[in-house]
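Dumped input_24.tsv below, it's TSV, C-alpha atoms:
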```tsv
chain	number	residue	atom	x	y	z
R	1	MET	CA	-13.50	6.27	-1.64
R	2	MET	CA	-9.89	5.60	-2.61
R	3	THR	CA	-6.92	7.46	-1.15
R	4	LEU	CA	-3.34	7.22	-2.37
R	5	VAL	CA	-0.59	8.19	0.09
R	6	ILE	CA	2.91	8.49	-1.35
R	7	GLY	CA	6.19	9.64	0.09
R	8	GLY	CA	9.85	8.87	0.45
R	9	ALA	CA	11.40	6.43	2.92
R	10	ALA	CA	10.64	7.32	6.54
R	11	SER	CA	8.53	10.32	5.44
R	12	GLY	CA	5.61	9.47	7.71
R	13	LYS	CA	3.35	8.10	4.97
R	14	SER	CA	2.40	4.95	6.87
R	15	GLU	CA	1.53	6.88	10.01
R	16	PHE	CA	-0.56	9.34	7.99
R	17	ALA	CA	-2.44	6.54	6.20
R	18	GLU	CA	-3.12	4.65	9.41
R	19	THR	CA	-4.29	7.83	11.16
R	20	ARG	CA	-6.70	8.51	8.26
R	21	VAL	CA	-8.23	5.06	8.71
R	22	LEU	CA	-8.43	5.30	12.50
R	23	ASP	CA	-9.87	8.83	12.45
R	24	SER	CA	-12.63	7.71	10.09
R	25	GLY	CA	-13.90	5.37	12.81
R	26	ALA	CA	-14.78	2.86	10.11
R	27	VAL	CA	-14.93	-0.82	11.07
R	28	PRO	CA	-14.13	-3.46	10.18
R	29	ARG	CA	-10.56	-2.47	9.37
R	30	TYR	CA	-8.39	-4.64	7.16
R	31	TYR	CA	-4.66	-4.28	6.74
R	32	VAL	CA	-3.45	-5.91	3.52
R	33	ALA	CA	0.26	-6.44	4.12
R	34	THR	CA	2.55	-7.13	1.15
R	35	MET	CA	6.00	-7.58	2.74
R	36	GLN	CA	7.33	-11.09	2.19
R	37	PRO	CA	9.19	-12.60	5.17
R	38	PHE	CA	12.56	-13.46	3.66
R	39	ASP	CA	14.49	-13.83	6.92
R	40	LYS	CA	14.23	-13.78	10.72
R	41	GLU	CA	14.45	-9.99	10.82
R	42	CYS	CA	11.47	-9.69	8.45
R	43	LEU	CA	9.51	-12.26	10.46
R	44	ALA	CA	10.16	-10.34	13.68
R	45	ARG	CA	9.11	-7.07	12.04
R	46	ILE	CA	5.92	-8.64	10.67
R	47	HIS	CA	5.09	-10.08	14.10
R	48	ARG	CA	5.65	-6.69	15.78
R	49	HIS	CA	3.49	-4.92	13.18
R	50	ARG	CA	0.69	-7.49	13.52
R	51	GLN	CA	0.57	-6.93	17.28
R	52	MET	CA	0.44	-3.14	16.86
R	53	ARG	CA	-2.34	-3.41	14.27
R	54	GLU	CA	-4.42	-5.80	16.39
R	55	LYS	CA	-4.51	-3.21	19.18
R	56	LYS	CA	-5.98	-0.79	16.62
R	57	GLN	CA	-8.64	-3.29	15.53
R	58	PHE	CA	-7.08	-4.13	12.17
R	59	GLN	CA	-7.47	-7.61	10.77
R	60	THR	CA	-4.26	-8.41	8.90
R	61	ILE	CA	-4.41	-10.14	5.54
R	62	GLU	CA	-1.03	-11.17	4.13
R	63	CYS	CA	-0.99	-10.89	0.34
R	64	TYR	CA	2.35	-10.90	-1.45
R	65	VAL	CA	1.00	-11.33	-5.00
R	66	ASN	CA	-2.39	-11.62	-6.71
R	67	LEU	CA	-4.59	-9.08	-4.92
R	68	SER	CA	-7.47	-10.53	-6.91
R	69	SER	CA	-7.37	-13.56	-4.62
R	70	VAL	CA	-8.26	-11.52	-1.52
R	71	THR	CA	-11.81	-11.95	-0.25
R	72	LEU	CA	-12.91	-9.71	2.58
R	73	PRO	CA	-15.33	-11.18	5.14
R	74	GLU	CA	-17.47	-8.00	5.00
R	75	LYS	CA	-17.29	-4.46	3.63
R	76	GLY	CA	-15.03	-2.17	5.60
R	77	THR	CA	-11.94	-0.04	5.22
R	78	VAL	CA	-8.76	-1.46	3.71
R	79	LEU	CA	-5.25	-0.13	4.27
R	80	LEU	CA	-2.94	-1.61	1.63
R	81	GLU	CA	0.73	-1.34	2.54
R	82	CYS	CA	2.86	-1.13	0.56
R	83	MET	CA	2.50	-0.84	-3.20
R	84	SER	CA	6.30	-0.78	-3.50
R	85	ASN	CA	6.55	-4.30	-2.08
R	86	LEU	CA	3.63	-5.53	-4.16
R	87	VAL	CA	5.18	-4.27	-7.40
R	88	ALA	CA	8.49	-5.99	-6.60
R	89	ASN	CA	6.71	-9.20	-5.63
R	90	GLU	CA	4.60	-9.23	-8.78
R	91	MET	CA	7.61	-8.52	-10.99
R	92	TYR	CA	10.19	-10.85	-9.47
R	93	SER	CA	8.50	-13.56	-7.39
R	94	PRO	CA	8.02	-16.90	-9.17
R	95	GLU	CA	4.33	-16.68	-8.15
R	96	GLY	CA	4.00	-13.12	-9.46
R	97	ALA	CA	2.63	-11.79	-12.72
R	98	GLY	CA	6.07	-10.93	-14.16
R	99	ALA	CA	5.72	-8.82	-17.30
R	100	ASN	CA	1.99	-8.44	-16.56
R	101	ALA	CA	2.58	-6.91	-13.11
R	102	ILE	CA	0.84	-3.60	-13.83
R	103	GLU	CA	-2.31	-5.24	-15.16
R	104	ALA	CA	-2.42	-7.76	-12.29
R	105	ILE	CA	-2.02	-5.02	-9.68
R	106	LEU	CA	-4.65	-2.72	-11.17
R	107	GLN	CA	-7.12	-5.59	-11.53
R	108	GLY	CA	-6.41	-6.50	-7.91
R	109	ILE	CA	-7.09	-2.93	-6.82
R	110	ASP	CA	-10.42	-2.99	-8.68
R	111	HIS	CA	-11.22	-6.30	-6.97
R	112	LEU	CA	-10.49	-4.81	-3.51
R	113	ARG	CA	-12.44	-1.62	-4.24
R	114	ALA	CA	-15.51	-3.65	-5.11
R	115	GLN	CA	-15.38	-5.24	-1.66
R	116	CYS	CA	-14.73	-2.26	0.59
R	117	LYS	CA	-16.13	1.12	1.53
R	118	ASN	CA	-12.74	2.85	1.68
R	119	LEU	CA	-9.34	1.90	0.32
R	120	VAL	CA	-6.16	3.64	1.47
R	121	ILE	CA	-3.01	2.71	-0.47
R	122	VAL	CA	0.54	3.48	0.65
R	123	SER	CA	3.30	3.71	-1.95
R	124	ASN	CA	6.80	5.08	-2.31
R	125	GLU	CA	7.52	8.18	-4.33
R	126	VAL	CA	10.11	7.40	-6.98
R	127	PHE	CA	12.64	9.25	-9.08
R	128	SER	CA	13.09	12.26	-6.78
R	129	GLY	CA	16.57	10.85	-6.13
R	130	GLY	CA	17.35	11.00	-9.84
R	131	THR	CA	17.08	8.62	-12.77
R	132	ALA	CA	20.61	7.23	-13.00
R	133	TYR	CA	19.48	3.63	-12.58
R	134	GLN	CA	19.95	0.65	-14.85
R	135	GLY	CA	18.60	-2.81	-15.54
R	136	ASP	CA	16.13	-4.36	-13.13
R	137	THR	CA	16.22	-1.37	-10.79
R	138	LEU	CA	15.16	1.02	-13.55
R	139	SER	CA	12.51	-1.41	-14.75
R	140	TYR	CA	11.12	-1.73	-11.21
R	141	LEU	CA	11.07	2.04	-10.65
R	142	LYS	CA	9.34	2.67	-13.98
R	143	THR	CA	6.73	0.02	-13.20
R	144	LEU	CA	6.08	1.47	-9.74
R	145	ALA	CA	5.81	4.96	-11.26
R	146	LEU	CA	3.26	3.74	-13.82
R	147	VAL	CA	1.22	2.03	-11.10
R	148	ASN	CA	1.35	5.17	-8.93
R	149	ARG	CA	0.18	7.28	-11.88
R	150	ALA	CA	-2.72	4.94	-12.62
R	151	LEU	CA	-3.73	4.87	-8.94
R	152	ALA	CA	-3.51	8.67	-8.66
R	153	ALA	CA	-5.77	9.05	-11.69
R	154	GLU	CA	-8.39	6.78	-10.10
R	155	ALA	CA	-8.06	8.00	-6.51
R	156	ASP	CA	-10.47	10.42	-4.89
R	157	GLU	CA	-7.63	11.77	-2.75
R	158	VAL	CA	-3.86	11.86	-3.29
R	159	TYR	CA	-1.44	12.94	-0.59
R	160	GLU	CA	2.30	13.22	-0.74
R	161	ILE	CA	3.98	13.11	2.67
R	162	VAL	CA	7.07	15.29	3.02
R	163	CYS	CA	8.84	15.37	6.40
R	164	SER	CA	5.62	14.07	8.04
R	165	LEU	CA	3.59	16.88	6.46
R	166	PRO	CA	0.77	15.98	4.06
R	167	VAL	CA	0.64	17.81	0.75
R	168	CYS	CA	-2.74	17.37	-0.89
R	169	HIS	CA	-2.56	16.91	-4.66
R	170	LYS	CA	-6.15	15.78	-5.14
R	171	GLY	CA	-9.19	15.86	-2.85
R	172	LYS	CA	-9.59	17.67	0.45
R	173	GLU	CA	-6.80	18.97	2.65
R	174	ALA	CA	-5.85	16.87	5.69
R	175	THR	CA	-3.45	17.06	8.57
R	176	LEU	CA	-1.71	14.53	10.76
```

Represent the structure contained in this file as C-alpha cells.
Amino acid sequence: MMTLVIGGAASGKSEFAETRVLDSGAVPRYYVATMQPFDKECLARIHRHRQMREKKQFQTIECYVNLSSVTLPEKGTVLLECMSNLVANEMYSPEGAGANAIEAILQGIDHLRAQCKNLVIVSNEVFSGGTAYQGDTLSYLKTLALVNRALAAEADEVYEIVCSLPVCHKGKEATL
C-alpha cells in the first residue's frame, strides 16, 4: 500500500501522515528523513524530531540522496518525509543525481516499496501560488510536480491537506 500526502506549508500534512501510520498500528515503523543539516538550527530541529519520533516507535533513517541505498532491517511501514527536500537534494547536491533526479527518485521509491508493507510519502503541493518563477526555482518546482504526478499515479491513496483537513483524491476517505 502506498499513500501520497501533499499540501502547502504548515497545512498539517506531516501530522496527517504520521497519524495514518500510528493509527495503522503497524510495526516496525521507519521514518526516512531527507532534510540535510546545513546549520545549527537544522541540527537542533533534526535532534528534536528524532526524539519525538522515538517516543512513537519510529526508527529514523537519514537519507538525503539515493533512496536506492536504503536497506530496511525488516518489512514494516515507512514514512518518507519530505519529497520536497529529496528532490532539491537530488537536483543540487554534489552527491545527487542532478539531471537524472526524477529517475533516481522513482527507482528509490520502487526500492523502498519492495521492502515494506506500507509506504506513506509526504510532499509539498506546488504551483498553487502561481507560476511566475524563473531559473533554478522553476526547474525545481517542475521536477517536484513531475515526481508528485508519478507518485500519485502509482499510489493507492492520495490526500491533499488543506487547513489540516484531508481531501481524498484517490482511495478511501480519511480524517485526522

| task | Find the spatial neighbours of segment 161-163 of chain R, counting only C-alpha atoms, within a cut-off of 12 Å - ignore same-chain residues fewer than 5 positions away - and output them as a PyMOL selection string. | result | chain R and resi 4-17+122-125+128+168-169+174-176

| task | Go ahead and compute the interatomic distance for atom CA of Phe58 of chain R and atom CA of Val78 of chain R, in Å to one decimal. | result |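 Separation between atom CA of Phe58 of chain R and atom CA of Val78 of chain R: 9.0 Å.
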
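Minimum atom-to-atom distances from R:Ile61, R:Arg45, R:Gly98, R:Leu106 to Leu79 of chain R were compared using all atoms listed in the file, and the lowest value belongs to R:Ile61.
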
| said: Rounded to one decimal, what separation in Å do you get between atom CA of Gly76 of chain R and atom CA of Thr60 of chain R? | reply: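 Separating atom CA of Gly76 of chain R from atom CA of Thr60 of chain R is a distance of 12.9 Å.
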
| request: Just the residues within 12 Å of Gly171 of chain R, please, counting all atoms listed in the file, with nothing from its chain fewer than 2 positions along; format it as a list in words. | output: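 Within the cut-off, the hits are Met1, Met2, Thr3, Leu4, Val5, Ala152, Ala153, Glu154, Ala155, Asp156, Glu157, Val158, Tyr159, Glu160, Val167, Cys168, His169, Glu173 and Ala174 of chain R.
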
| said: I'd like the contact shell of Gly108 of chain R - 10 Å cut-off, all atoms listed in the file, skipping same-chain residues fewer than 3 positions apart - returned as a VMD selection string. | reply: chain R and resid 65 to 70 102 to 105 111 to 114

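Rounded to one decimal, atom CA of Asn148 of chain R and atom CA of Ala44 of chain R lie 28.8 Å from each other.
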
| request: Could you tell me which of R:His47, R:Lys170, R:Lys75, R:Arg149 comes closest to Asn118 of chain R if we count only C-alpha atoms? | output: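 Ranking R:His47, R:Lys170, R:Lys75, R:Arg149 by distance to Asn118 of chain R, first place goes to R:Lys75.
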
| said: My list of candidates is R:Tyr64, R:Ala33, R:Ser139, R:Lys40. Which is closest to Pro94 of chain R when distances are computed with all atoms listed in the file? | reply: R:Tyr64

Edge lengths and centre in Å to one decimal, as AutoDock Vina command-line options, is what I'm after for the box along x, y and z that holds all listed atoms of segment 70-73 of chain R once 8 Å is added on each side.
```
--center_x -11.8 --center_y -10.8 --center_z 1.8 --size_x 23.1 --size_y 18.2 --size_z 22.7
```
